[in-house]
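Participant: Sending over upload-v1.pdb (PDB, C-alpha atoms, pLDDT in the B column).
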MODEL        1
ATOM      1  CA  MET D   1       4.791  26.073  -0.920  1.00 74.00           C
ATOM      2  CA  LYS D   2       1.948  28.466  -1.674  1.00 80.00           C
ATOM      3  CA  CYS D   3      -1.633  28.062  -0.486  1.00 81.00           C
ATOM      4  CA  PRO D   4      -3.871  27.220  -3.461  1.00 76.00           C
ATOM      5  CA  CYS D   5      -6.594  29.491  -2.063  1.00 80.00           C
ATOM      6  CA  CYS D   6      -4.954  32.688  -0.754  1.00 86.00           C
ATOM      7  CA  GLY D   7      -1.472  32.372  -2.319  1.00 84.00           C
ATOM      8  CA  LYS D   8       0.495  32.973   0.887  1.00 85.00           C
ATOM      9  CA  THR D   9       3.619  30.941   1.627  1.00 86.00           C
ATOM     10  CA  ILE D  10       3.071  28.001   3.996  1.00 82.00           C
ATOM     11  CA  SER D  11       5.050  24.985   5.179  1.00 79.00           C
ATOM     12  CA  ALA D  12       5.466  22.112   2.720  1.00 74.00           C
ATOM     13  CA  GLN D  13       4.261  19.695   5.422  1.00 74.00           C
ATOM     14  CA  ALA D  14       1.064  21.649   6.173  1.00 76.00           C
ATOM     15  CA  HIS D  15      -2.344  20.090   5.624  1.00 75.00           C
ATOM     16  CA  SER D  16      -4.133  23.414   5.874  1.00 80.00           C
ATOM     17  CA  CYS D  17      -3.320  27.095   5.442  1.00 85.00           C
ATOM     18  CA  LYS D  18      -2.634  28.910   8.708  1.00 83.00           C
ATOM     19  CA  TYR D  19      -3.787  32.185   7.132  1.00 85.00           C
ATOM     20  CA  CYS D  20      -7.102  31.353   5.456  1.00 88.00           C
ATOM     21  CA  GLY D  21      -7.823  27.922   6.993  1.00 84.00           C
ATOM     22  CA  LYS D  22      -8.215  26.150   3.629  1.00 81.00           C
ATOM     23  CA  LYS D  23      -7.612  22.393   3.972  1.00 80.00           C
ATOM     24  CA  PHE D  24      -5.988  20.534   1.102  1.00 72.00           C
ATOM     25  CA  ILE D  25      -4.492  17.175   0.213  1.00 70.00           C
ATOM     26  CA  ARG D  26      -0.906  17.106  -1.012  1.00 68.00           C
ATOM     27  CA  LYS D  27       0.140  14.865  -3.913  1.00 66.00           C
ATOM     28  CA  SER D  28       2.559  13.010  -1.641  1.00 62.00           C
ATOM     29  CA  ASP D  29      -0.350  12.110   0.677  1.00 65.00           C
ATOM     30  CA  LYS D  30      -2.261  10.591  -2.242  1.00 64.00           C
ATOM     31  CA  MET D  31       0.788   8.615  -3.363  1.00 64.00           C
ATOM     32  CA  ALA D  32       1.406   7.314   0.170  1.00 59.00           C
ATOM     33  CA  GLN D  33      -2.200   6.146   0.386  1.00 63.00           C
ATOM     34  CA  LYS D  34      -1.869   4.248  -2.915  1.00 64.00           C
ATOM     35  CA  ILE D  35       1.287   2.515  -1.681  1.00 61.00           C
ATOM     36  CA  ILE D  36      -0.434   1.438   1.539  1.00 64.00           C
ATOM     37  CA  VAL D  37      -3.450   0.078  -0.347  1.00 69.00           C
ATOM     38  CA  ASN D  38      -1.226  -1.755  -2.840  1.00 77.00           C
ATOM     39  CA  GLY D  39       0.717  -3.254   0.055  1.00 79.00           C
ATOM     40  CA  LYS D  40      -2.467  -4.569   1.661  1.00 84.00           C
ATOM     41  CA  VAL D  41      -3.601  -6.087  -1.640  1.00 84.00           C
ATOM     42  CA  ALA D  42      -0.231  -7.794  -2.134  1.00 85.00           C
ATOM     43  CA  LEU D  43      -0.303  -9.105   1.436  1.00 88.00           C
ATOM     44  CA  ALA D  44      -3.832 -10.501   1.008  1.00 90.00           C
ATOM     45  CA  CYS D  45      -3.008 -12.138  -2.336  1.00 90.00           C
ATOM     46  CA  GLY D  46       0.158 -13.617  -0.888  1.00 92.00           C
ATOM     47  CA  GLY D  47      -1.733 -15.051   2.065  1.00 94.00           C
ATOM     48  CA  LEU D  48      -4.296 -16.614  -0.240  1.00 95.00           C
ATOM     49  CA  LEU D  49      -1.600 -18.125  -2.463  1.00 94.00           C
ATOM     50  CA  PHE D  50       0.176 -19.450   0.626  1.00 95.00           C
ATOM     51  CA  LEU D  51      -3.046 -21.141   1.750  1.00 96.00           C
ATOM     52  CA  VAL D  52      -3.704 -22.602  -1.709  1.00 96.00           C
ATOM     53  CA  GLY D  53      -0.105 -23.855  -1.868  1.00 96.00           C
ATOM     54  CA  GLY D  54      -0.503 -25.580   1.479  1.00 95.00           C
ATOM     55  CA  LEU D  55      -3.694 -27.264   0.304  1.00 96.00           C
ATOM     56  CA  LEU D  56      -2.036 -28.377  -2.929  1.00 95.00           C
ATOM     57  CA  LEU D  57       0.842 -29.893  -0.969  1.00 94.00           C
ATOM     58  CA  PHE D  58      -1.625 -31.629   1.347  1.00 94.00           C
ATOM     59  CA  TYR D  59      -3.453 -33.212  -1.598  1.00 94.00           C
ATOM     60  CA  GLY D  60      -0.275 -34.393  -3.343  1.00 94.00           C
ATOM     61  CA  ALA D  61       0.300 -31.734  -6.017  1.00 93.00           C
ATOM     62  CA  TYR D  62       3.827 -31.104  -4.786  1.00 94.00           C
ATOM     63  CA  GLN D  63       5.206 -29.145  -7.727  1.00 95.00           C
ATOM     64  CA  MET D  64       2.248 -26.730  -8.019  1.00 94.00           C
ATOM     65  CA  GLY D  65       2.023 -26.465  -4.249  1.00 95.00           C
ATOM     66  CA  ALA D  66       5.680 -25.495  -3.952  1.00 95.00           C
ATOM     67  CA  ILE D  67       5.282 -22.880  -6.680  1.00 94.00           C
ATOM     68  CA  ALA D  68       2.162 -21.422  -5.045  1.00 95.00           C
ATOM     69  CA  LEU D  69       3.925 -21.306  -1.664  1.00 95.00           C
ATOM     70  CA  ALA D  70       6.964 -19.560  -3.128  1.00 94.00           C
ATOM     71  CA  VAL D  71       4.882 -16.978  -4.987  1.00 93.00           C
ATOM     72  CA  GLY D  72       2.695 -16.465  -1.916  1.00 94.00           C
ATOM     73  CA  ILE D  73       5.716 -15.822   0.278  1.00 93.00           C
ATOM     74  CA  ALA D  74       7.089 -13.371  -2.301  1.00 92.00           C
ATOM     75  CA  PHE D  75       3.796 -11.464  -2.432  1.00 89.00           C
ATOM     76  CA  MET D  76       3.537 -11.364   1.357  1.00 92.00           C
ATOM     77  CA  SER D  77       7.087 -10.025   1.580  1.00 90.00           C
ATOM     78  CA  ILE D  78       6.303  -7.296  -0.937  1.00 86.00           C
ATOM     79  CA  GLY D  79       3.120  -6.473   0.950  1.00 84.00           C
ATOM     80  CA  LYS D  80       5.053  -6.132   4.212  1.00 85.00           C
ATOM     81  CA  LEU D  81       7.584  -3.836   2.563  1.00 85.00           C
ATOM     82  CA  LEU D  82       4.922  -1.599   1.006  1.00 78.00           C
ATOM     83  CA  GLY D  83       2.574  -1.585   3.967  1.00 68.00           C
TER      84      GLY D  83
ENDMDL
END
Rewrite the coordinates I just gave you, this time as structure tokens.
Facilitator:
Amino acid sequence: MKCPCCGKTISAQAHSCKYCGKKFIRKSDKMAQKIIVNGKVALACGGLLFLVGGLLLFYGAYQMGAIALAVGIAFMSIGKLLG
């Protein structure tokens, strides 16, 4: 990989150029950050759906409660995988 500032060849894993000192963010770092954020959002939504499903079951709405629980568990699983 070439440094965007000085043009010298540097390691693909580098976060800064060892020649000119320029710091930069790689595209893969940005993508990894998006995946982590999306995982946290999925985990939070899943937890909320799980809670709502439990409340629905408690108040007698068994069919909707079961659906909310199932979707909540699915979202939490996806969140765990992404995060």
Participant: Select, from D:Ser77, D:Ser16, D:Thr9, D:Gln63, the residue with the minimum atom-to-atom distance to Gly46 of chain D, counting only C-alpha atoms.
Facilitator: D:Ser77
Participant: Output the residue selection produced by the PyMOL selection byres ((chain D and resi 18) around 12) on the file above, formatted as a PyMOL selection string.
Facilitator: chain D and resi 2-3+5-11+13-17+19-24
Participant: Once the PyMOL selection byres ((chain D and resi 54) around 12) has been applied to the shown file, what residues remain in the selection, as a PyMOL selection string?
Facilitator: chain D and resi 47-53+55-70+72-73
Participant: Counting all atoms listed in the file, figure out which residue out of D:Val71, D:Met1, D:Met76, D:Ile25 gets nearest to Leu43 of chain D.
Facilitator: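 Of D:Val71, D:Met1, D:Met76, D:Ile25, the one nearest Leu43 of chain D, counting all atoms listed in the file, is D:Met76.
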Participant: Assuming the chain letters and numbering stay as they are in my file, what does the PyMOL selection byres ((chain D and resi 80) around 10) actually select? List them as a ChimeraX atom specification.
Facilitator: /D:36,39-40,42-43,74-79,81-83
